[in-house]
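Enquirer: So that you have it, the file is final.cif, and it contains mmCIF, C-alpha atoms:
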data_entry
#
loop_
_atom_site.label_atom_id
_atom_site.label_comp_id
_atom_site.auth_asym_id
_atom_site.auth_seq_id
_atom_site.Cartn_x
_atom_site.Cartn_y
_atom_site.Cartn_z
CA MET A 1 144.49 -22.82 -70.62
CA GLU A 2 144.14 -19.05 -70.65
CA TYR A 3 141.42 -18.91 -73.33
CA GLY A 4 138.27 -20.96 -73.79
CA VAL A 5 135.78 -21.19 -76.64
CA VAL A 6 132.00 -20.72 -76.47
CA ILE A 7 129.76 -21.84 -79.33
CA VAL A 8 126.29 -20.32 -79.68
CA SER A 9 123.81 -21.73 -82.16
CA HIS A 10 120.05 -21.62 -82.68
CA VAL A 11 120.10 -25.42 -82.68
CA ALA A 12 121.48 -27.62 -79.88
CA GLU A 13 122.83 -30.23 -82.28
CA ILE A 14 124.78 -27.65 -84.30
CA ALA A 15 126.47 -26.31 -81.15
CA ALA A 16 127.21 -29.82 -79.90
CA GLY A 17 128.46 -30.87 -83.34
CA VAL A 18 130.86 -27.94 -83.64
CA LYS A 19 132.17 -28.70 -80.13
CA ARG A 20 132.72 -32.33 -81.06
CA LEU A 21 134.55 -31.33 -84.22
CA ILE A 22 136.88 -28.76 -82.67
CA GLU A 23 137.74 -30.88 -79.65
CA GLN A 24 139.56 -33.15 -82.06
CA VAL A 25 142.22 -30.48 -82.54
CA ALA A 26 142.01 -28.85 -79.11
CA LYS A 27 141.76 -31.40 -76.34
CA ASP A 28 142.98 -28.96 -73.67
CA VAL A 29 140.84 -25.98 -74.68
CA SER A 30 137.66 -25.61 -72.63
CA VAL A 31 134.72 -25.57 -75.05
CA THR A 32 131.19 -24.88 -73.80
CA THR A 33 128.00 -24.40 -75.78
CA ALA A 34 124.65 -22.67 -75.73
CA GLY A 35 122.51 -24.33 -78.36
CA GLY A 36 118.78 -23.82 -78.87
CA LEU A 37 116.18 -22.97 -76.25
CA GLU A 38 115.55 -24.56 -72.87
CA ASP A 39 112.54 -26.50 -74.20
CA GLY A 40 114.61 -27.90 -77.07
CA GLY A 41 113.22 -25.39 -79.57
CA VAL A 42 115.14 -23.37 -82.14
CA GLY A 43 116.53 -20.03 -80.91
CA THR A 44 119.08 -18.53 -78.59
CA ASP A 45 118.72 -17.62 -74.95
CA MET A 46 120.79 -15.11 -73.01
CA ALA A 47 120.59 -17.14 -69.79
CA ARG A 48 121.95 -20.24 -71.53
CA ILE A 49 124.81 -18.17 -72.99
CA MET A 50 125.60 -16.86 -69.49
CA THR A 51 125.74 -20.47 -68.27
CA ALA A 52 128.12 -21.40 -71.11
CA PHE A 53 130.38 -18.49 -70.07
CA GLU A 54 130.30 -19.55 -66.41
CA GLU A 55 130.86 -23.24 -67.10
CA ASN A 56 133.86 -22.52 -69.29
CA LYS A 57 137.07 -23.24 -67.38
CA ALA A 58 138.79 -20.17 -68.81
CA ASP A 59 138.29 -16.57 -67.71
CA LYS A 60 138.90 -15.27 -71.21
CA ILE A 61 136.58 -16.48 -73.91
CA LEU A 62 136.41 -16.45 -77.68
CA ALA A 63 132.74 -16.62 -78.70
CA PHE A 64 131.34 -17.76 -82.04
CA TYR A 65 127.72 -17.77 -83.24
CA ASP A 66 125.58 -18.72 -86.21
CA LEU A 67 122.88 -16.12 -87.02
CA GLY A 68 121.98 -12.52 -86.17
CA SER A 69 119.84 -12.83 -83.07
CA ALA A 70 122.44 -15.10 -81.47
CA LYS A 71 124.75 -12.09 -81.61
CA MET A 72 122.22 -9.86 -79.82
CA ASN A 73 121.82 -12.38 -77.01
CA LEU A 74 125.61 -12.80 -76.88
CA GLU A 75 126.12 -9.05 -76.57
CA MET A 76 123.63 -8.86 -73.71
CA ALA A 77 125.32 -11.77 -71.95
CA ILE A 78 128.73 -10.12 -72.45
CA GLU A 79 127.43 -6.90 -70.86
CA MET A 80 126.39 -8.92 -67.80
CA SER A 81 129.36 -11.30 -67.52
CA ASP A 82 132.52 -10.71 -65.49
CA LYS A 83 134.61 -12.66 -67.97
CA GLU A 84 136.57 -11.13 -70.82
CA VAL A 85 134.69 -12.18 -73.94
CA HIS A 86 135.80 -11.63 -77.53
CA LEU A 87 133.04 -11.94 -80.11
CA TYR A 88 133.70 -12.73 -83.77
CA ASP A 89 131.46 -12.17 -86.81
CA THR A 90 133.02 -15.10 -88.58
CA ALA A 91 131.93 -18.33 -90.26
CA LEU A 92 130.99 -20.47 -87.27
CA VAL A 93 132.50 -23.87 -88.04
CA GLU A 94 135.68 -22.72 -89.77
CA SER A 95 136.53 -19.98 -87.29
CA ALA A 96 135.81 -21.97 -84.13
CA TYR A 97 137.96 -24.77 -85.54
CA THR A 98 140.78 -22.37 -86.47
CA ALA A 99 140.73 -20.62 -83.11
CA ALA A 100 140.65 -23.83 -81.10
CA ALA A 101 143.53 -25.36 -83.06
CA LEU A 102 145.64 -22.23 -82.56
CA LEU A 103 144.77 -21.92 -78.87
CA GLN A 104 145.77 -25.54 -78.31
CA VAL A 105 149.32 -24.64 -79.34
CA ASN A 106 149.34 -21.46 -77.20
CA THR A 107 149.09 -18.97 -80.05
CA LYS A 108 148.83 -15.34 -78.95
CA LEU A 109 145.34 -13.84 -79.20
CA GLU A 110 146.61 -11.23 -81.60
CA ASP A 111 147.77 -13.91 -84.02
CA VAL A 112 144.58 -15.93 -83.63
CA GLU A 113 142.60 -12.83 -84.50
CA LYS A 114 144.70 -12.22 -87.59
CA GLN A 115 143.59 -15.57 -88.95
CA LEU A 116 139.99 -15.07 -87.88
CA LYS A 117 139.81 -11.80 -89.79
CA GLU A 118 139.87 -13.70 -93.06
CA LEU A 119 136.85 -15.73 -92.00
CA LYS A 120 134.62 -12.73 -91.36
CA VAL A 121 131.26 -13.25 -93.10
CA LYS A 122 128.78 -11.11 -91.21
CA MET B 1 103.30 10.77 -67.09
CA LEU B 2 102.84 7.01 -66.74
CA ASN B 3 102.53 5.39 -63.32
CA VAL B 4 102.81 1.68 -62.44
CA GLU B 5 99.08 1.10 -63.00
CA ASP B 6 99.28 2.72 -66.47
CA VAL B 7 102.18 0.45 -67.39
CA LYS B 8 100.17 -2.60 -66.25
CA LYS B 9 97.24 -1.40 -68.36
CA TRP B 10 99.63 -0.86 -71.30
CA MET B 11 100.95 -4.43 -71.04
CA GLU B 12 97.43 -5.84 -70.63
CA ASN B 13 96.32 -4.05 -73.82
CA PHE B 14 99.42 -5.25 -75.67
CA ASP B 15 99.00 -8.83 -74.45
CA ASN B 16 95.38 -8.89 -75.62
CA VAL B 17 96.32 -7.77 -79.13
CA ILE B 18 99.30 -10.14 -79.33
CA GLN B 19 97.21 -13.14 -78.31
CA GLU B 20 94.47 -12.13 -80.79
CA GLN B 21 96.90 -11.47 -83.65
CA ARG B 22 99.29 -14.30 -82.88
CA ALA B 23 98.49 -16.24 -86.09
CA TYR B 24 98.54 -13.07 -88.22
CA LEU B 25 101.99 -12.06 -86.89
CA SER B 26 103.37 -15.50 -87.63
CA ASP B 27 101.79 -15.36 -91.11
CA LEU B 28 103.55 -12.04 -91.77
CA ASP B 29 106.79 -13.67 -90.68
CA THR B 30 106.35 -16.76 -92.87
CA PRO B 31 107.35 -15.42 -96.31
CA ILE B 32 110.28 -13.35 -95.01
CA GLY B 33 111.35 -14.85 -91.67
CA ASP B 34 111.06 -18.05 -89.71
CA GLY B 35 107.29 -17.89 -89.25
CA ASP B 36 107.46 -17.67 -85.51
CA HIS B 37 106.98 -14.03 -84.56
CA GLY B 38 103.41 -14.42 -83.32
CA ASN B 39 104.16 -17.45 -81.20
CA ASN B 40 107.35 -15.89 -79.84
CA MET B 41 105.61 -12.67 -78.82
CA ALA B 42 102.65 -14.56 -77.37
CA ARG B 43 104.97 -16.69 -75.25
CA GLY B 44 106.88 -13.59 -74.11
CA MET B 45 103.76 -11.66 -73.19
CA GLU B 46 102.37 -14.61 -71.24
CA ALA B 47 105.58 -14.47 -69.19
CA VAL B 48 105.28 -10.69 -68.78
CA MET B 49 101.67 -10.94 -67.58
CA ALA B 50 102.59 -13.72 -65.12
CA ALA B 51 105.40 -11.54 -63.75
CA ILE B 52 103.39 -8.32 -63.29
CA THR B 53 99.74 -9.26 -62.64
CA ASP B 54 98.78 -8.75 -58.99
CA LYS B 55 102.40 -7.86 -58.16
CA ASP B 56 103.48 -4.66 -56.44
CA PHE B 57 106.16 -2.43 -57.92
CA ALA B 58 107.84 0.46 -56.15
CA ASP B 59 108.04 2.58 -59.29
CA VAL B 60 107.89 2.65 -63.09
CA PRO B 61 111.56 1.67 -63.63
CA SER B 62 111.11 -1.50 -61.54
CA ILE B 63 108.12 -2.72 -63.55
CA PHE B 64 109.98 -1.92 -66.81
CA LYS B 65 112.94 -4.02 -65.61
CA THR B 66 110.68 -6.97 -64.83
CA ILE B 67 109.05 -6.70 -68.26
CA ALA B 68 112.48 -6.52 -69.91
CA MET B 69 113.77 -9.66 -68.18
CA SER B 70 110.62 -11.63 -69.07
CA LEU B 71 110.90 -10.64 -72.73
CA ILE B 72 114.64 -11.33 -72.91
CA SER B 73 114.29 -14.79 -71.41
CA LYS B 74 111.05 -15.93 -73.04
CA VAL B 75 110.62 -14.42 -76.50
CA GLY B 76 113.50 -16.09 -78.35
CA GLY B 77 114.43 -14.93 -81.84
CA ALA B 78 115.62 -11.38 -82.39
CA SER B 79 112.54 -9.83 -80.83
CA GLY B 80 113.45 -10.90 -77.29
CA PRO B 81 116.72 -8.97 -77.10
CA LEU B 82 115.26 -6.03 -79.06
CA TYR B 83 112.10 -5.54 -77.00
CA GLY B 84 113.98 -6.47 -73.84
CA THR B 85 116.61 -3.81 -74.48
CA ALA B 86 113.88 -1.26 -75.29
CA PHE B 87 112.27 -1.80 -71.88
CA MET B 88 115.66 -1.89 -70.13
CA GLU B 89 116.55 1.50 -71.63
CA MET B 90 113.13 2.89 -70.65
CA ALA B 91 113.81 1.72 -67.08
CA LYS B 92 116.99 3.82 -67.09
CA ILE B 93 114.99 7.03 -67.69
CA GLY B 94 113.80 6.84 -64.10
CA ASN B 95 110.30 8.21 -64.67
CA GLY B 96 107.17 7.68 -66.75
CA ASP B 97 107.44 10.55 -69.22
CA VAL B 98 106.62 9.09 -72.65
CA LYS B 99 108.50 11.94 -74.34
CA GLU B 100 111.65 10.50 -72.85
CA LEU B 101 110.63 6.84 -72.82
CA ILE B 102 109.98 6.35 -76.54
CA PRO B 103 113.29 7.92 -77.68
CA ALA B 104 115.10 5.79 -75.06
CA ALA B 105 113.38 2.65 -76.36
CA LEU B 106 114.37 3.57 -79.92
CA ALA B 107 117.98 4.15 -78.88
CA GLY B 108 118.03 0.72 -77.19
CA ILE B 109 116.63 -1.02 -80.27
CA GLU B 110 119.16 0.74 -82.51
CA LYS B 111 122.02 -0.20 -80.19
CA ARG B 112 121.01 -3.85 -80.01
CA GLY B 113 119.96 -4.44 -83.60
CA LYS B 114 122.27 -1.90 -85.29
CA ALA B 115 119.54 -1.12 -87.79
CA VAL B 116 118.90 2.32 -89.29
CA PRO B 117 115.66 3.63 -90.84
CA GLY B 118 114.75 2.22 -94.25
CA GLU B 119 115.97 -1.34 -93.59
CA LYS B 120 112.45 -2.75 -93.08
CA THR B 121 112.65 -3.33 -89.34
CA MET B 122 110.94 -2.17 -86.17
CA VAL B 123 113.21 0.89 -86.28
CA ASP B 124 111.01 2.16 -89.12
CA VAL B 125 108.12 2.40 -86.66
CA TRP B 126 110.01 3.58 -83.56
CA THR B 127 111.83 6.38 -85.40
CA PRO B 128 108.71 8.28 -86.57
CA ALA B 129 106.94 7.41 -83.29
CA SER B 130 109.78 8.95 -81.32
CA ALA B 131 109.60 12.15 -83.40
CA LEU B 132 105.80 12.34 -83.14
CA VAL B 133 105.60 11.75 -79.40
CA GLN B 134 107.89 14.69 -78.77
CA LYS B 135 105.45 16.95 -80.64
CA ASP B 136 102.47 15.48 -78.74
CA ALA B 137 101.38 14.14 -82.12
CA LEU B 138 101.58 10.36 -81.73
CA THR B 139 98.31 8.94 -83.09
CA VAL B 140 96.93 5.58 -84.24
CA GLU B 141 97.02 6.89 -87.83
CA GLY B 142 100.66 7.95 -87.53
CA ILE B 143 101.61 4.54 -86.16
CA ASP B 144 99.65 2.65 -88.84
CA GLN B 145 101.30 4.73 -91.54
CA ALA B 146 104.77 3.90 -90.21
CA VAL B 147 103.95 0.18 -90.05
CA GLU B 148 102.54 0.26 -93.59
CA SER B 149 105.67 2.06 -94.88
CA THR B 150 107.74 -1.09 -94.28
CA LYS B 151 105.71 -2.95 -96.90
CA GLU B 152 107.56 -1.59 -99.92
CA MET B 153 110.99 -1.62 -98.32
CA VAL B 154 113.69 -4.17 -99.15
CA ALA B 155 114.98 -5.92 -96.03
CA THR B 156 118.70 -5.56 -95.50
CA LYS B 157 118.80 -6.50 -91.80
CA GLY B 158 117.72 -9.55 -89.91
CA ARG B 159 116.35 -12.83 -91.14
CA ALA B 160 114.31 -11.14 -93.90
CA SER B 161 117.52 -9.93 -95.55
CA TYR B 162 118.21 -13.49 -96.68
CA VAL B 163 115.28 -13.16 -99.11
CA GLY B 164 116.33 -9.64 -100.19
CA ASP B 165 114.06 -8.23 -102.94
CA ARG B 166 111.51 -10.94 -102.24
CA SER B 167 110.72 -9.15 -98.97
CA VAL B 168 109.05 -6.29 -100.90
CA GLY B 169 105.26 -6.32 -100.58
CA HIS B 170 105.25 -7.76 -97.07
CA ILE B 171 104.81 -5.72 -93.89
CA ASP B 172 107.68 -6.39 -91.49
CA PRO B 173 106.35 -8.46 -88.57
CA GLY B 174 108.51 -6.64 -86.00
CA ALA B 175 107.19 -3.32 -87.32
CA MET B 176 103.65 -4.65 -86.95
CA SER B 177 104.13 -5.81 -83.35
CA SER B 178 105.87 -2.51 -82.54
CA GLY B 179 102.79 -0.75 -83.93
CA TYR B 180 100.61 -2.85 -81.62
CA LEU B 181 102.81 -1.95 -78.64
CA LEU B 182 102.64 1.79 -79.36
CA LYS B 183 98.88 1.71 -79.97
CA ALA B 184 98.45 -0.21 -76.71
CA LEU B 185 100.31 2.65 -75.03
CA LEU B 186 97.97 5.28 -76.53
CA LYS B 187 94.99 3.24 -75.31
CA ALA B 188 96.45 2.98 -71.79
CA GLU B 189 96.98 6.73 -71.69
CA GLY B 190 93.31 7.11 -72.63
#
When written as structure tokens, how does the structure in this file appear?
Expert:
Amino acid sequence: MEYGVVIVSHVAEIAAGVKRLIEQVAKDVSVTTAGGLEDGGVGTDMARIMTAFEENKADKILAFYDLGSAKMNLEMAIEMSDKEVHLYDTALVESAYTAAALLQVNTKLEDVEKQLKELKVK
Amino acid sequence: MLNVEDVKKWMENFDNVIQEQRAYLSDLDTPIGDGDHGNNMARGMEAVMAAITDKDFADVPSIFKTIAMSLISKVGGASGPLYGTAFMEMAKIGNGDVKELIPAALAGIEKRGKAVPGEKTMVDVWTPASALVQKDALTVEGIDQAVESTKEMVATKGRASYVGDRSVGHIDPGAMSSGYLLKALLKAEG
């Protein structure tokens, strides 16, 4: 599919849980995650976000995150990545789920973003 | 004008203070953050020291880049990207003139964290420091005063904003560690 989804959370289990949830409605959308730190600790890590971008099968990515510093690491990773990454300041679970469901049925990005707008929380 | 040796001395001074004040920084972070600032900074500075000690660098920008990458990959939390971007922007200056370096660091921190003065963040230390350094007036007292000024502010950015008014009365941990970094610079300049 043209677009993939990347989930970034401070906690590995949150990222993995959101992936598990959204894959129920989007079996063909590539979903990759960057959850927690390399040592299993709580936090986000630019290198792990880069890996999630690279491992994603799509060249265009919709990225969702949980808290503030995840956004900073995401922005740094975006500056360094060759992929086209769209970053949303939206409620993590609801917006990732919405986006994935819409992407599964080939919704245009513009229309996906219209729905995401209503889920902006930060 | 800083050279590579001065920057190494600067980082050594900063590392010493961070390791000494590790528990205090985490204590400052406990009522208003996630209680990890001291440990995060200590871990980051260990990585910085491992990457620069006994290593040769062609010029000041190259050592700044190495410091930036260590901080970005090892600090975690918001401080990693913020300090990392500060050093990355200082690397872009291309020389060791502190009158250009400190404003560049401030601009990097503002870009990454999108904070403005008065929000109880490290910006409240870097903003006055940047103004003072350009007048050759950056002193320990000036830095301490800026750090102290965050105490009565209400946090509206970062993790501390979740506790809102309850952040009043606590010095911002990022402001404190920024104060340590700037004082470590003064000490390295001698």
Enquirer: Could you state which residues are captured by the PyMOL selection byres ((chain B) within 9 of (chain A)) in this file, as number ranges by chain?
Expert: B: 72-82, 85, 112-113, 157-159
Enquirer: From the options B:Tyr180, B:Phe14, B:Tyr162, B:Trp126, which residue's atoms come nearest to Met49 of chain B, counting all atoms listed in the file?
Expert: B:Phe14
Enquirer: Taking all atoms listed in the file into account, name the residue in B:Ala175, B:Leu138, B:Leu132, B:Ala104 that is nearest to Met153 of chain B.
Expert: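 For Met153 of chain B, the nearest of the candidates is B:Ala175.
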Enquirer: Report as a list of chain:residue names the full result of the PyMOL selection byres ((chain B and resi 10) around 10) when it is applied to this structure.
Expert: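 Written out, the selection comes to B:Leu2, B:Val4, B:Glu5, B:Asp6, B:Val7, B:Lys8, B:Lys9, B:Met11, B:Glu12, B:Asn13, B:Phe14, B:Asp15, B:Leu181, B:Leu182, B:Lys183, B:Ala184, B:Leu185, B:Leu186, B:Lys187, B:Ala188, B:Glu189.
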Enquirer: Report, in Å to a single decimal, how far apart atom CA of Ile143 of chain B and atom CA of Arg22 of chain B are.
Expert: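 So the two atoms, atom CA of Arg22 of chain B and atom CA of Ile143 of chain B, lie 19.3 Å apart.
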Enquirer: Could you jot down the atom CA of Ala91 of chain A to atom CA of Gly17 of chain A separation for me, Å, one decimal place?
Expert: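 We find that atom CA of Ala91 of chain A and atom CA of Gly17 of chain A lie 14.7 Å from each other.
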Enquirer: Taking only C-alpha atoms into account, name the residue in B:Met41, B:Ile32, B:Val125, B:Val147 that is nearest to Gly84 of chain B.
Expert: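 Ranked by minimum distance to Gly84 of chain B, first place goes to B:Met41.
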Enquirer: Would you kindly translate the PyMOL selection byres ((chain B and resi 105) around 6) into the concrete residues it picks from this file, as a list in words?
Expert: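 On the file shown, the PyMOL selection byres ((chain B and resi 105) around 6) covers Ala86, Glu89, Met90, Ile102, Pro103, Ala104, Leu106, Ala107 and Gly108 of chain B.
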Enquirer: Quick one: distance from atom CA of Glu84 of chain A to atom CA of Asp111 of chain A in Å, one decimal?
Expert: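 Between atom CA of Glu84 of chain A and atom CA of Asp111 of chain A the gap works out to 17.5 Å.
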Enquirer: From (129.4, -17.9, -66.4), in the file's coordinates, out to 12 Å: which residues are reached, counting all atoms listed in the file? Answer as a PyMOL selection string.
Expert: chain A and resi 4+6+32-34+46-61+77-78+80-85
Enquirer: Could you check which of B:Ala50, B:Pro117, B:Val133, B:Gly33 is closest to Arg166 of chain B, using only C-alpha atoms?
Expert: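 Of all the options, B:Gly33 lies closest to Arg166 of chain B.
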Enquirer: Which residues are close to Gly35 of chain A, i.e. within 7 Å by all atoms listed in the file, leaving aside same-chain residues fewer than 4 positions away? Reply as a ChimeraX atom specification.
Expert: /A:8-12,15,44
